[in-house]
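Structure file query.cif; described as mmCIF, C-alpha atoms and all ligand atoms.
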```cif
data_run
#
loop_
_atom_site.group_PDB
_atom_site.id
_atom_site.type_symbol
_atom_site.label_atom_id
_atom_site.label_comp_id
_atom_site.auth_asym_id
_atom_site.auth_seq_id
_atom_site.Cartn_x
_atom_site.Cartn_y
_atom_site.Cartn_z
ATOM 1 C CA MET G 1 55.463 36.778 17.859
ATOM 2 C CA GLY G 2 58.645 36.224 15.861
ATOM 3 C CA ALA G 3 57.530 32.647 15.196
ATOM 4 C CA LEU G 4 54.390 33.753 13.414
ATOM 5 C CA PRO G 5 54.451 33.519 9.642
ATOM 6 C CA ARG G 6 55.010 36.894 8.060
ATOM 7 C CA GLY G 7 51.704 38.640 7.598
ATOM 8 C CA ALA G 8 49.644 36.306 9.794
ATOM 9 C CA LEU G 9 46.518 37.911 11.170
ATOM 10 C CA LEU G 10 46.567 39.252 14.721
ATOM 11 C CA ASP G 11 45.306 36.497 17.001
ATOM 12 C CA ASP G 12 45.491 38.361 20.310
ATOM 13 C CA LEU G 13 42.750 40.972 19.860
ATOM 14 C CA LEU G 14 41.140 41.011 23.269
ATOM 15 C CA LEU G 15 37.649 42.160 22.266
ATOM 16 C CA SER G 16 37.524 39.711 19.347
ATOM 17 C CA ARG G 17 37.528 36.740 21.713
ATOM 18 C CA ALA G 18 34.279 34.827 21.842
ATOM 19 C CA SER G 19 33.664 31.238 22.803
ATOM 20 C CA ILE G 20 29.879 31.323 23.114
ATOM 21 C CA ASP G 21 27.673 29.649 20.531
ATOM 22 C CA ARG G 22 25.432 32.507 19.387
ATOM 23 C CA ALA G 23 22.818 29.947 18.304
ATOM 24 C CA ALA G 24 21.274 32.477 15.932
ATOM 25 C CA HIS G 25 18.678 29.984 14.720
ATOM 26 C CA LEU G 26 17.104 30.003 18.209
ATOM 27 C CA ARG G 27 16.388 33.764 18.151
ATOM 28 C CA THR G 28 13.244 33.204 16.132
ATOM 29 C CA ASP G 29 12.302 29.916 17.818
ATOM 30 C CA ALA G 30 9.368 31.139 19.918
ATOM 31 C CA ASP G 31 8.957 27.841 21.789
ATOM 32 C CA PHE G 32 12.625 27.752 22.754
ATOM 33 C CA GLN G 33 12.623 31.407 23.832
ATOM 34 C CA GLN G 34 9.514 31.014 25.955
ATOM 35 C CA MET G 35 10.984 27.956 27.651
ATOM 36 C CA ALA G 36 14.486 29.428 28.076
ATOM 37 C CA ARG G 37 13.368 32.692 29.660
ATOM 38 C CA THR G 38 11.940 30.848 32.635
ATOM 39 C CA ASP G 39 14.244 27.815 32.696
ATOM 40 C CA ALA G 40 16.055 27.404 36.014
ATOM 41 C CA GLY G 41 19.413 27.100 34.237
ATOM 42 C CA SER G 42 19.143 30.218 32.045
ATOM 43 C CA LEU G 43 21.407 33.114 32.989
ATOM 44 C CA VAL G 44 21.368 36.882 32.541
ATOM 45 C CA ILE G 45 24.251 39.351 32.402
ATOM 46 C CA TRP G 46 23.762 43.031 33.203
ATOM 47 C CA VAL G 47 24.654 45.770 30.739
ATOM 48 C CA HIS G 48 24.182 49.536 30.664
ATOM 49 C CA SER G 49 25.714 52.176 28.377
ATOM 50 C CA GLY G 50 29.108 50.615 27.782
ATOM 51 C CA ALA G 51 29.405 48.941 31.198
ATOM 52 C CA VAL G 52 28.782 45.420 32.473
ATOM 53 C CA ALA G 53 28.117 44.249 36.036
ATOM 54 C CA LEU G 54 30.941 42.252 37.600
ATOM 55 C CA LEU G 55 30.970 40.029 40.649
ATOM 56 C CA SER G 56 32.444 42.016 43.496
ATOM 57 C CA GLU G 57 36.274 41.953 43.578
ATOM 58 C CA GLU G 58 36.422 39.619 40.595
ATOM 59 C CA THR G 59 36.971 39.907 36.866
ATOM 60 C CA ALA G 60 33.973 37.739 36.038
ATOM 61 C CA LEU G 61 30.529 38.763 34.866
ATOM 62 C CA GLN G 62 27.658 38.834 37.318
ATOM 63 C CA MET G 63 25.392 35.987 36.154
ATOM 64 C CA THR G 64 21.859 36.031 37.530
ATOM 65 C CA PRO G 65 19.295 33.250 37.007
ATOM 66 C CA ALA G 66 16.798 34.474 34.419
ATOM 67 C CA SER G 67 13.997 33.158 36.620
ATOM 68 C CA GLN G 68 14.805 35.859 39.212
ATOM 69 C CA LEU G 69 13.995 38.695 36.793
ATOM 70 C CA ALA G 70 10.557 40.183 36.217
ATOM 71 C CA ALA G 71 8.563 38.461 33.492
ATOM 72 C CA ASP G 72 8.602 41.645 31.384
ATOM 73 C CA ALA G 73 12.383 42.217 31.710
ATOM 74 C CA ASP G 74 13.878 43.465 28.440
ATOM 75 C CA LEU G 75 16.242 40.658 27.418
ATOM 76 C CA SER G 76 18.464 39.964 24.411
ATOM 77 C CA PHE G 77 19.483 36.375 23.691
ATOM 78 C CA LEU G 78 23.293 36.075 23.502
ATOM 79 C CA GLY G 79 23.571 32.339 22.898
ATOM 80 C CA VAL G 80 24.084 29.000 24.593
ATOM 81 C CA SER G 81 26.998 28.340 26.966
ATOM 82 C CA PRO G 82 29.245 25.246 26.676
ATOM 83 C CA GLN G 83 27.218 23.845 29.607
ATOM 84 C CA GLY G 84 23.997 24.257 27.612
ATOM 85 C CA ALA G 85 22.592 27.288 29.450
ATOM 86 C CA ALA G 86 20.771 29.998 27.515
ATOM 87 C CA ILE G 87 22.422 33.351 28.235
ATOM 88 C CA TYR G 88 20.736 36.740 27.960
ATOM 89 C CA ALA G 89 21.628 40.385 28.475
ATOM 90 C CA VAL G 90 19.142 42.534 30.375
ATOM 91 C CA HIS G 91 18.592 46.121 29.184
ATOM 92 C CA HIS G 92 17.390 48.958 31.381
ATOM 93 C CA ALA G 93 15.676 52.126 30.281
ATOM 94 C CA SER G 94 16.485 53.918 33.550
ATOM 95 C CA GLU G 95 19.775 55.608 34.390
ATOM 96 C CA ARG G 96 22.599 53.280 35.369
ATOM 97 C CA GLU G 97 22.707 54.440 39.006
ATOM 98 C CA HIS G 98 18.998 53.633 39.377
ATOM 99 C CA VAL G 99 19.368 50.015 38.276
ATOM 100 C CA GLN G 100 19.043 47.616 41.221
ATOM 101 C CA LEU G 101 22.018 45.271 40.809
ATOM 102 C CA PRO G 102 22.297 41.997 42.762
ATOM 103 C CA ASP G 103 24.144 42.365 46.089
ATOM 104 C CA GLY G 104 27.873 42.794 45.654
ATOM 105 C CA ALA G 105 27.819 43.418 41.911
ATOM 106 C CA THR G 106 29.394 46.581 40.500
ATOM 107 C CA TRP G 107 29.355 48.356 37.129
ATOM 108 C CA VAL G 108 32.653 48.447 35.244
ATOM 109 C CA GLY G 109 33.218 49.895 31.776
ATOM 110 C CA LEU G 110 34.034 47.334 29.084
ATOM 111 C CA ARG G 111 36.996 49.480 27.949
ATOM 112 C CA GLU G 112 38.447 49.178 31.457
ATOM 113 C CA VAL G 113 37.824 45.481 32.075
ATOM 114 C CA GLY G 114 37.693 43.937 28.595
ATOM 115 C CA HIS G 115 41.340 42.791 28.715
ATOM 116 C CA ALA G 116 40.872 41.017 32.068
ATOM 117 C CA LEU G 117 37.774 38.941 31.263
ATOM 118 C CA ASP G 118 38.196 35.363 30.096
ATOM 119 C CA ASP G 119 37.319 34.446 26.500
ATOM 120 C CA HIS G 120 33.789 33.385 27.389
ATOM 121 C CA ASP G 121 32.918 36.523 29.364
ATOM 122 C CA ALA G 122 34.699 38.849 26.935
ATOM 123 C CA GLY G 123 32.583 37.618 24.034
ATOM 124 C CA LEU G 124 29.369 37.971 26.013
ATOM 125 C CA ALA G 125 30.242 41.433 27.280
ATOM 126 C CA VAL G 126 31.160 42.823 23.843
ATOM 127 C CA ASN G 127 27.987 41.376 22.345
ATOM 128 C CA ALA G 128 25.821 42.754 25.160
ATOM 129 C CA VAL G 129 27.353 46.240 25.040
ATOM 130 C CA ALA G 130 26.966 46.409 21.253
ATOM 131 C CA LEU G 131 23.289 45.416 21.393
ATOM 132 C CA ASP G 132 22.595 47.722 24.342
ATOM 133 C CA ASN G 133 24.207 50.728 22.639
ATOM 134 C CA TRP G 134 22.177 50.059 19.504
ATOM 135 C CA ARG G 135 18.960 49.819 21.513
ATOM 136 C CA ARG G 136 19.739 53.097 23.295
ATOM 137 C CA SER G 137 20.278 54.972 20.042
ATOM 138 C CA THR G 138 17.402 53.412 18.091
ATOM 139 C CA ARG G 139 14.019 54.520 19.394
ATOM 140 C CA ILE G 140 11.908 55.107 16.323
ATOM 141 C CA CYS G 141 11.620 53.653 12.846
ATOM 142 C CA PRO G 142 14.055 55.503 10.533
ATOM 143 C CA SER G 143 11.606 54.997 7.683
ATOM 144 C CA CYS G 144 8.229 56.120 9.100
ATOM 145 C CA GLY G 145 9.005 57.439 12.597
ATOM 146 C CA ASP G 146 6.752 54.945 14.341
ATOM 147 C CA ARG G 147 7.682 53.248 17.597
ATOM 148 C CA LEU G 148 9.889 50.123 17.380
ATOM 149 C CA VAL G 149 9.442 46.985 19.463
ATOM 150 C CA PRO G 150 12.121 44.353 20.220
ATOM 151 C CA ASN G 151 11.863 41.245 18.063
ATOM 152 C CA GLN G 152 13.928 38.108 17.306
ATOM 153 C CA ALA G 153 14.966 37.779 20.959
ATOM 154 C CA GLY G 154 16.485 41.250 20.927
ATOM 155 C CA TRP G 155 18.285 41.001 17.576
ATOM 156 C CA SER G 156 15.900 43.208 15.659
ATOM 157 C CA LEU G 157 13.600 46.143 16.306
ATOM 158 C CA ARG G 158 10.313 45.826 14.497
ATOM 159 C CA CYS G 159 8.182 48.553 13.001
ATOM 160 C CA THR G 160 4.719 46.998 13.301
ATOM 161 C CA LYS G 161 3.190 49.694 11.097
ATOM 162 C CA GLU G 162 5.364 48.683 8.134
ATOM 163 C CA SER G 163 5.887 45.033 9.181
ATOM 164 C CA ARG G 164 9.614 45.604 8.874
ATOM 165 C CA ASP G 165 12.596 44.693 11.036
ATOM 166 C CA HIS G 166 15.604 46.926 11.665
ATOM 167 C CA PHE G 167 18.887 45.278 12.619
ATOM 168 C CA PRO G 168 21.885 46.380 14.737
ATOM 169 C CA ARG G 169 24.214 48.785 12.983
ATOM 170 C CA THR G 170 27.951 48.217 12.750
ATOM 171 C CA GLU G 171 30.097 51.099 11.548
ATOM 172 C CA PRO G 172 33.378 50.049 9.901
ATOM 173 C CA ALA G 173 36.449 52.087 10.748
ATOM 174 C CA VAL G 174 40.038 51.642 9.598
ATOM 175 C CA ILE G 175 43.038 51.850 11.896
ATOM 176 C CA MET G 176 46.576 51.757 10.601
ATOM 177 C CA LEU G 177 50.201 51.789 11.591
ATOM 178 C CA VAL G 178 52.314 53.599 8.997
ATOM 179 C CA ARG G 179 55.837 52.295 8.256
ATOM 180 C CA ASP G 180 58.594 54.038 6.266
ATOM 181 C CA PRO G 181 61.518 52.676 4.164
ATOM 182 C CA GLN G 182 63.718 52.513 7.305
ATOM 183 C CA ASP G 183 60.910 50.556 8.972
ATOM 184 C CA ARG G 184 60.161 53.273 11.466
ATOM 185 C CA ALA G 185 56.574 53.671 12.670
ATOM 186 C CA LEU G 186 54.575 56.887 12.506
ATOM 187 C CA LEU G 187 52.559 57.652 15.641
ATOM 188 C CA GLY G 188 50.373 60.648 16.269
ATOM 189 C CA ARG G 189 48.550 62.522 18.984
ATOM 190 C CA GLN G 190 44.983 63.662 18.512
ATOM 191 C CA VAL G 191 44.177 67.279 19.292
ATOM 192 C CA SER G 192 41.823 66.206 22.102
ATOM 193 C CA TRP G 193 44.342 63.879 23.797
ATOM 194 C CA GLN G 194 46.673 64.542 26.693
ATOM 195 C CA PRO G 195 50.236 65.637 25.816
ATOM 196 C CA ARG G 196 52.044 62.267 26.035
ATOM 197 C CA TRP G 197 49.381 60.068 24.413
ATOM 198 C CA PHE G 198 50.345 58.577 21.044
ATOM 199 C CA SER G 199 48.733 55.998 18.826
ATOM 200 C CA THR G 200 48.135 54.815 15.286
ATOM 201 C CA PHE G 201 45.790 56.692 12.920
ATOM 202 C CA ALA G 202 42.149 55.829 12.396
ATOM 203 C CA GLY G 203 38.985 56.977 10.714
ATOM 204 C CA PHE G 204 35.544 55.869 9.613
ATOM 205 C CA VAL G 205 34.920 54.275 6.251
ATOM 206 C CA GLU G 206 32.704 56.700 4.362
ATOM 207 C CA ALA G 207 29.560 55.841 2.437
ATOM 208 C CA GLY G 208 30.399 54.076 -0.802
ATOM 209 C CA GLU G 209 34.079 53.705 0.071
ATOM 210 C CA SER G 210 36.273 50.607 0.386
ATOM 211 C CA ALA G 211 38.271 50.063 3.565
ATOM 212 C CA GLU G 212 41.529 50.316 1.592
ATOM 213 C CA ALA G 213 40.493 53.638 0.060
ATOM 214 C CA ALA G 214 39.608 54.877 3.543
ATOM 215 C CA VAL G 215 43.102 54.020 4.803
ATOM 216 C CA ARG G 216 44.678 56.012 1.960
ATOM 217 C CA ARG G 217 42.298 58.963 2.293
ATOM 218 C CA GLU G 218 42.565 59.229 6.085
ATOM 219 C CA LEU G 219 46.360 59.101 6.091
ATOM 220 C CA PHE G 220 46.621 61.744 3.400
ATOM 221 C CA GLU G 221 44.105 63.980 5.198
ATOM 222 C CA GLU G 222 45.556 63.580 8.676
ATOM 223 C CA VAL G 223 49.328 63.445 8.101
ATOM 224 C CA GLY G 224 49.831 64.141 4.390
ATOM 225 C CA VAL G 225 51.457 60.836 3.451
ATOM 226 C CA ARG G 226 50.574 58.678 0.449
ATOM 227 C CA VAL G 227 50.500 54.957 1.003
ATOM 228 C CA ASP G 228 52.282 52.575 -1.379
ATOM 229 C CA ARG G 229 51.181 49.246 0.034
ATOM 230 C CA LEU G 230 48.730 47.930 2.607
ATOM 231 C CA HIS G 231 48.454 44.753 4.588
ATOM 232 C CA TYR G 232 45.279 43.749 6.431
ATOM 233 C CA LEU G 233 45.892 42.299 9.901
ATOM 234 C CA GLY G 234 42.491 41.628 11.434
ATOM 235 C CA SER G 235 39.383 43.175 12.939
ATOM 236 C CA GLN G 236 38.051 43.885 16.388
ATOM 237 C CA PRO G 237 34.576 45.011 17.462
ATOM 238 C CA TRP G 238 34.754 48.329 19.306
ATOM 239 C CA PRO G 239 31.205 48.894 20.521
ATOM 240 C CA PHE G 240 31.719 52.476 21.777
ATOM 241 C CA PRO G 241 29.165 52.874 20.378
ATOM 242 C CA ALA G 242 29.100 50.698 17.238
ATOM 243 C CA SER G 243 32.434 50.367 15.449
ATOM 244 C CA LEU G 244 34.238 47.474 13.861
ATOM 245 C CA MET G 245 37.945 48.341 13.634
ATOM 246 C CA LEU G 246 39.763 46.984 10.560
ATOM 247 C CA GLY G 247 43.489 46.934 11.272
ATOM 248 C CA TYR G 248 46.278 47.512 8.722
ATOM 249 C CA HIS G 249 49.945 48.127 8.360
ATOM 250 C CA ALA G 250 50.559 50.716 5.644
ATOM 251 C CA TRP G 251 53.896 51.433 3.953
ATOM 252 C CA THR G 252 54.889 54.839 2.603
ATOM 253 C CA SER G 253 58.035 56.251 1.033
ATOM 254 C CA GLU G 254 57.065 59.786 2.096
ATOM 255 C CA VAL G 255 58.753 60.609 5.383
ATOM 256 C CA GLU G 256 57.755 64.262 5.463
ATOM 257 C CA VAL G 257 54.704 64.595 7.652
ATOM 258 C CA ARG G 258 52.134 67.378 7.487
ATOM 259 C CA VAL G 259 49.634 67.151 10.336
ATOM 260 C CA ASP G 260 46.190 68.608 9.729
ATOM 261 C CA GLN G 261 46.002 70.309 13.193
ATOM 262 C CA GLU G 262 42.262 69.680 13.189
ATOM 263 C CA GLU G 263 42.262 66.031 14.267
ATOM 264 C CA ILE G 264 46.000 65.412 14.693
ATOM 265 C CA ALA G 265 48.143 67.751 16.777
ATOM 266 C CA GLU G 266 51.536 66.133 16.160
ATOM 267 C CA ALA G 267 53.047 63.035 14.549
ATOM 268 C CA HIS G 268 56.554 61.585 14.762
ATOM 269 C CA TRP G 269 58.544 58.716 13.290
ATOM 270 C CA PHE G 270 59.960 56.239 15.793
ATOM 271 C CA SER G 271 62.588 53.554 15.322
ATOM 272 C CA ARG G 272 62.094 50.483 17.492
ATOM 273 C CA VAL G 273 64.865 51.641 19.839
ATOM 274 C CA GLU G 274 63.407 55.133 20.076
ATOM 275 C CA LEU G 275 59.906 53.868 20.804
ATOM 276 C CA GLU G 276 61.065 51.402 23.438
ATOM 277 C CA GLN G 277 63.021 54.131 25.224
ATOM 278 C CA ALA G 278 60.156 56.633 24.984
ATOM 279 C CA CYS G 279 57.687 54.103 26.410
ATOM 280 C CA ALA G 280 60.050 52.969 29.159
ATOM 281 C CA SER G 281 60.776 56.517 30.304
ATOM 282 C CA GLY G 282 57.108 57.530 30.166
ATOM 283 C CA GLU G 283 57.906 60.193 27.597
ATOM 284 C CA ILE G 284 55.043 58.766 25.585
ATOM 285 C CA LEU G 285 52.101 56.563 26.538
ATOM 286 C CA LEU G 286 50.454 54.074 24.182
ATOM 287 C CA PRO G 287 46.810 52.946 24.262
ATOM 288 C CA PRO G 288 45.967 49.980 26.503
ATOM 289 C CA ALA G 289 46.144 46.342 25.390
ATOM 290 C CA VAL G 290 42.380 46.175 24.848
ATOM 291 C CA SER G 291 42.783 48.367 21.733
ATOM 292 C CA ILE G 292 43.728 47.063 18.294
ATOM 293 C CA SER G 293 46.054 50.059 17.907
ATOM 294 C CA ARG G 294 48.392 48.725 20.579
ATOM 295 C CA LYS G 295 48.398 45.304 18.909
ATOM 296 C CA LEU G 296 49.273 46.896 15.557
ATOM 297 C CA ILE G 297 52.170 48.743 17.188
ATOM 298 C CA GLU G 298 53.429 45.657 19.024
ATOM 299 C CA ARG G 299 53.186 43.518 15.872
ATOM 300 C CA TRP G 300 55.570 45.972 14.185
ATOM 301 C CA PHE G 301 57.777 46.247 17.279
ATOM 302 C CA GLY G 302 57.998 42.463 17.720
ATOM 303 C CA ALA G 303 57.216 42.274 21.440
ATOM 304 C CA GLU G 304 55.120 43.874 24.142
ATOM 305 C CA LEU G 305 55.953 47.462 25.099
ATOM 306 C CA PRO G 306 55.810 49.035 28.570
ATOM 307 C CA GLY G 307 53.317 51.626 29.818
ATOM 308 C CA LYS G 308 49.832 52.624 28.758
ATOM 309 C CA TRP G 309 47.440 55.470 29.047
ATOM 310 C CA LEU G 310 44.322 55.285 31.206
ATOM 311 C CA ARG G 311 41.177 57.221 30.335
HETATM 312 ZN ZN ZN G 401 8.299 52.152 10.061
#
```
Just give me the structure as structure tokens.
Amino acid sequence: MGALPRGALLDDLLLSRASIDRAAHLRTDADFQQMARTDAGSLVIWVHSGAVALLSEETALQMTPASQLAADADLSFLGVSPQGAAIYAVHHASEREHVQLPDGATWVGLREVGHALDDHDAGLAVNAVALDNWRRSTRICPSCGDRLVPNQAGWSLRCTKESRDHFPRTEPAVIMLVRDPQDRALLGRQVSWQPRWFSTFAGFVEAGESAEAAVRRELFEEVGVRVDRLHYLGSQPWPFPASLMLGYHAWTSEVEVRVDQEEIAEAHWFSRVELEQACASGEILLPPAVSISRKLIERWFGAELPGKWLR
């Protein structure tokens, strides 16, 4: 990390990895879609409420030939693999435990396995979970209340009454590591978290607000500090259910912290030595590597840190 130019964007965000060609122009190509859904080489991955199906005992996605699924299976087109195979996600209306998975496959939450998948599978899984969560939460037309039907190979939901497509929602959120004039980092614990869990601060961008204004507002609301300077470090999709996390380092000259007690229970400044010792002893636990918050902390720290919390 020390070799990176100062201020370079984070390039190790585990849920931002994606090597698949999304081939967006093929979503509306009816001939291609009709052919690909039954082509012997087309593959399907399984997704349900934040989880994907993995091959037993492996950290690889269960890939099932599309030709083995029912003709009316509810599929979303994820793209074309480097080998030229069309890849789909299959959605299920029934409860997860009622879905008949192929022999040996098991459901695993993307939060739990996202760090262990390779770049190809990670990109597919994040895409599939995001689309599946959107489909689950979008049943009727927000404009007229009529029923919506999948369109554009799963990338839109169409209101046939109004001849209008609705597209997947992405909700921007900001997440920031605060640094003080001694270059300590401010970490906090949310009210709902377990006693030793600490992380950076985060919040949703409000309607009509810039991301930078959201950073300043959230930090003042949650810990009472005013930010002098901001530096953007990268983004990561966080489809639980629909966020895009925009990561920052934020500098303040105000070292007195006032926690709001509504969202944040406590917040403390850590020097690098203090944080390393606290992590090594287990006195505090940081979020797992799959989160952008951990990457923001480790960018400041300059190396990987030990320990993590597990939900
Ligand atoms: Zn409508």
Which residues are close to stretch 106-110 of chain G, i.e. within 8 Å by all atoms listed in the file, leaving aside same-chain residues fewer than 3 positions away? Reply as number ranges by chain.
G: 50-56, 101, 113-114, 125-126, 129
Set the distance at 10 Å and use all atoms listed in the file: which residues neighbour G:Asp118 once local chain neighbours fewer than 5 positions away are removed? I'd like the list as a PyMOL selection string.
chain G and resi 14+17-19+59-61+123
I'd like the neighbourhood of G:Arg147 as a PyMOL selection string, where a residue qualifies if any of its atoms comes within 12 Å (using only C-alpha atoms), though same-chain residues fewer than 6 positions away should be ignored.
chain G and resi 138-141+157-166
The PyMOL selection byres (((chain G and resi 82) around 12) and not hetatm) - which residues does that actually catch in the file I just gave you? List them as a PyMOL selection string.
chain G and resi 18-23+79-81+83-87+120
Kindly export the residues of the current selection with C-alpha atoms, as a PDB file, in the coordinates of the input.
```
ATOM      1  CA  ALA G  18      34.279  34.827  21.842  1.00  0.00           C
ATOM      2  CA  SER G  19      33.664  31.238  22.803  1.00  0.00           C
ATOM      3  CA  ILE G  20      29.879  31.323  23.114  1.00  0.00           C
ATOM      4  CA  ASP G  21      27.673  29.649  20.531  1.00  0.00           C
ATOM      5  CA  ARG G  22      25.432  32.507  19.387  1.00  0.00           C
ATOM      6  CA  ALA G  23      22.818  29.947  18.304  1.00  0.00           C
ATOM      7  CA  GLY G  79      23.571  32.339  22.898  1.00  0.00           C
ATOM      8  CA  VAL G  80      24.084  29.000  24.593  1.00  0.00           C
ATOM      9  CA  SER G  81      26.998  28.340  26.966  1.00  0.00           C
ATOM     10  CA  GLN G  83      27.218  23.845  29.607  1.00  0.00           C
ATOM     11  CA  GLY G  84      23.997  24.257  27.612  1.00  0.00           C
ATOM     12  CA  ALA G  85      22.592  27.288  29.450  1.00  0.00           C
ATOM     13  CA  ALA G  86      20.771  29.998  27.515  1.00  0.00           C
ATOM     14  CA  ILE G  87      22.422  33.351  28.235  1.00  0.00           C
ATOM     15  CA  HIS G 120      33.789  33.385  27.389  1.00  0.00           C
TER      16      HIS G 120
END
```
Contacts of G:Phe301 at 9 Å or less, counting all atoms listed in the file, minus same-chain residues fewer than 4 places along, as a PDB file with C-alpha atoms, keeping the file's coordinate frame?
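What landed in out_39.pdb:
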```
ATOM      1  CA  ALA G 185      56.574  53.671  12.670  1.00  0.00           C
ATOM      2  CA  SER G 271      62.588  53.554  15.322  1.00  0.00           C
ATOM      3  CA  ARG G 272      62.094  50.483  17.492  1.00  0.00           C
ATOM      4  CA  LEU G 275      59.906  53.868  20.804  1.00  0.00           C
ATOM      5  CA  GLU G 276      61.065  51.402  23.438  1.00  0.00           C
ATOM      6  CA  LEU G 296      49.273  46.896  15.557  1.00  0.00           C
ATOM      7  CA  ILE G 297      52.170  48.743  17.188  1.00  0.00           C
ATOM      8  CA  LEU G 305      55.953  47.462  25.099  1.00  0.00           C
TER       9      LEU G 305
END
```
Evaluating the PyMOL selection byres (((chain G and resi 176) around 9) and not hetatm) on the displayed file yields which residues, as a count of residues only?
16
So, counting only C-alpha atoms and all ligand atoms, which residue among G:Asp180, G:Glu263, G:Asp74, G:Asp146 is closest to ligand ZN 401 (chain G)?
G:Asp146
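Among the candidates G:Leu285, G:Ala173, G:Ala73, G:Val225, the residue lying nearest to G:Trp238 is G:Ala173 (atoms considered: all atoms listed in the file).
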Compute the distance from (18.4, 38.1, 17.5) to each atom, counting all atoms listed in the file, keep the residues with any atom at most 7 Å away, and return them as number ranges by chain; use the coordinates of the file.
G: 24, 27, 77, 152-156
Evaluate the PyMOL selection byres (((chain G and resi 68) around 12) and not hetatm) against this structure - the residues, as a PyMOL selection string, please.
chain G and resi 37-44+63-67+69-73+90+101-102
With C-alpha atoms kept, could you save the residues just selected as a PDB file, in the coordinates of the input?
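What follows is the written file part_6.pdb:
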```pdb
ATOM      1  CA  ARG G  37      13.368  32.692  29.660  1.00  0.00           C
ATOM      2  CA  THR G  38      11.940  30.848  32.635  1.00  0.00           C
ATOM      3  CA  ASP G  39      14.244  27.815  32.696  1.00  0.00           C
ATOM      4  CA  ALA G  40      16.055  27.404  36.014  1.00  0.00           C
ATOM      5  CA  GLY G  41      19.413  27.100  34.237  1.00  0.00           C
ATOM      6  CA  SER G  42      19.143  30.218  32.045  1.00  0.00           C
ATOM      7  CA  LEU G  43      21.407  33.114  32.989  1.00  0.00           C
ATOM      8  CA  VAL G  44      21.368  36.882  32.541  1.00  0.00           C
ATOM      9  CA  MET G  63      25.392  35.987  36.154  1.00  0.00           C
ATOM     10  CA  THR G  64      21.859  36.031  37.530  1.00  0.00           C
ATOM     11  CA  PRO G  65      19.295  33.250  37.007  1.00  0.00           C
ATOM     12  CA  ALA G  66      16.798  34.474  34.419  1.00  0.00           C
ATOM     13  CA  SER G  67      13.997  33.158  36.620  1.00  0.00           C
ATOM     14  CA  LEU G  69      13.995  38.695  36.793  1.00  0.00           C
ATOM     15  CA  ALA G  70      10.557  40.183  36.217  1.00  0.00           C
ATOM     16  CA  ALA G  71       8.563  38.461  33.492  1.00  0.00           C
ATOM     17  CA  ASP G  72       8.602  41.645  31.384  1.00  0.00           C
ATOM     18  CA  ALA G  73      12.383  42.217  31.710  1.00  0.00           C
ATOM     19  CA  VAL G  90      19.142  42.534  30.375  1.00  0.00           C
ATOM     20  CA  LEU G 101      22.018  45.271  40.809  1.00  0.00           C
ATOM     21  CA  PRO G 102      22.297  41.997  42.762  1.00  0.00           C
TER      22      PRO G 102
END
```
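If you measure from each of G:Leu244, G:Ala122, G:Ala267, G:Ala280 to G:Gly224 using all atoms listed in the file, the closest one turns out to be G:Ala267.
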Closest of G:Val191, G:Ala289, G:Val149, G:Val223 to ligand ZN 401 (chain G), counting only C-alpha atoms and all ligand atoms, is G:Val149
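Among G:Leu148, G:Val257, G:Val227, G:Ala213, the residue with the shortest atom-to-atom distance to ligand ZN 401 (chain G), counting only C-alpha atoms and all ligand atoms, is G:Leu148.
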Hey, could you pull the box centre and edge lengths for stretch 226-231 of chain G, axis-aligned, 6 Å padding per side, all listed atoms, to one decimal in Å, as JSON?
```
{"center_x": 50.4, "center_y": 51.7, "center_z": 1.6, "size_x": 15.8, "size_y": 25.9, "size_z": 18.0}
```
Around (33.7, 45.2, 21.2) in the file's frame, which residues reach within 7 Å when counting all atoms listed in the file? Return as a PDB file with C-alpha atoms, in the frame of the given file?
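Output contents, as saved in selection_5.pdb:
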```pdb
ATOM      1  CA  LEU G  15      37.649  42.160  22.266  1.00  0.00           C
ATOM      2  CA  SER G  16      37.524  39.711  19.347  1.00  0.00           C
ATOM      3  CA  VAL G 126      31.160  42.823  23.843  1.00  0.00           C
ATOM      4  CA  ASN G 127      27.987  41.376  22.345  1.00  0.00           C
ATOM      5  CA  ALA G 130      26.966  46.409  21.253  1.00  0.00           C
ATOM      6  CA  GLN G 236      38.051  43.885  16.388  1.00  0.00           C
ATOM      7  CA  PRO G 237      34.576  45.011  17.462  1.00  0.00           C
ATOM      8  CA  TRP G 238      34.754  48.329  19.306  1.00  0.00           C
ATOM      9  CA  PRO G 239      31.205  48.894  20.521  1.00  0.00           C
TER      10      PRO G 239
END
```
Have a look at atom CA of G:Lys308 and atom CA of G:Arg184 and let me know their distance in Å, one decimal.
20.2 Å
So what do you get for atom CA of G:Phe204 versus atom CA of G:Ser253, distance-wise?
24.1 Å
What's the separation between atom CA of G:Arg258 and atom CA of G:Pro288, in Å to one decimal place?
26.5 Å
How about completing stretch 214-218 of chain G with N, CA and C atoms and giving it to me as a PDB file, keeping the file's coordinate frame?
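out-v6.pdb written:
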```
ATOM      1  N   ALA G 214      39.713  54.084   2.313  1.00  0.00           N
ATOM      2  CA  ALA G 214      39.608  54.877   3.543  1.00  0.00           C
ATOM      3  C   ALA G 214      40.966  55.014   4.225  1.00  0.00           C
ATOM      4  N   VAL G 215      41.757  53.944   4.231  1.00  0.00           N
ATOM      5  CA  VAL G 215      43.102  54.020   4.803  1.00  0.00           C
ATOM      6  C   VAL G 215      43.906  55.109   4.074  1.00  0.00           C
ATOM      7  N   ARG G 216      43.883  55.058   2.759  1.00  0.00           N
ATOM      8  CA  ARG G 216      44.678  56.012   1.960  1.00  0.00           C
ATOM      9  C   ARG G 216      44.179  57.445   2.166  1.00  0.00           C
ATOM     10  N   ARG G 217      42.863  57.618   2.143  1.00  0.00           N
ATOM     11  CA  ARG G 217      42.298  58.963   2.293  1.00  0.00           C
ATOM     12  C   ARG G 217      42.599  59.541   3.673  1.00  0.00           C
ATOM     13  N   GLU G 218      42.364  58.730   4.720  1.00  0.00           N
ATOM     14  CA  GLU G 218      42.565  59.229   6.085  1.00  0.00           C
ATOM     15  C   GLU G 218      44.029  59.626   6.317  1.00  0.00           C
TER      16      GLU G 218
END
```
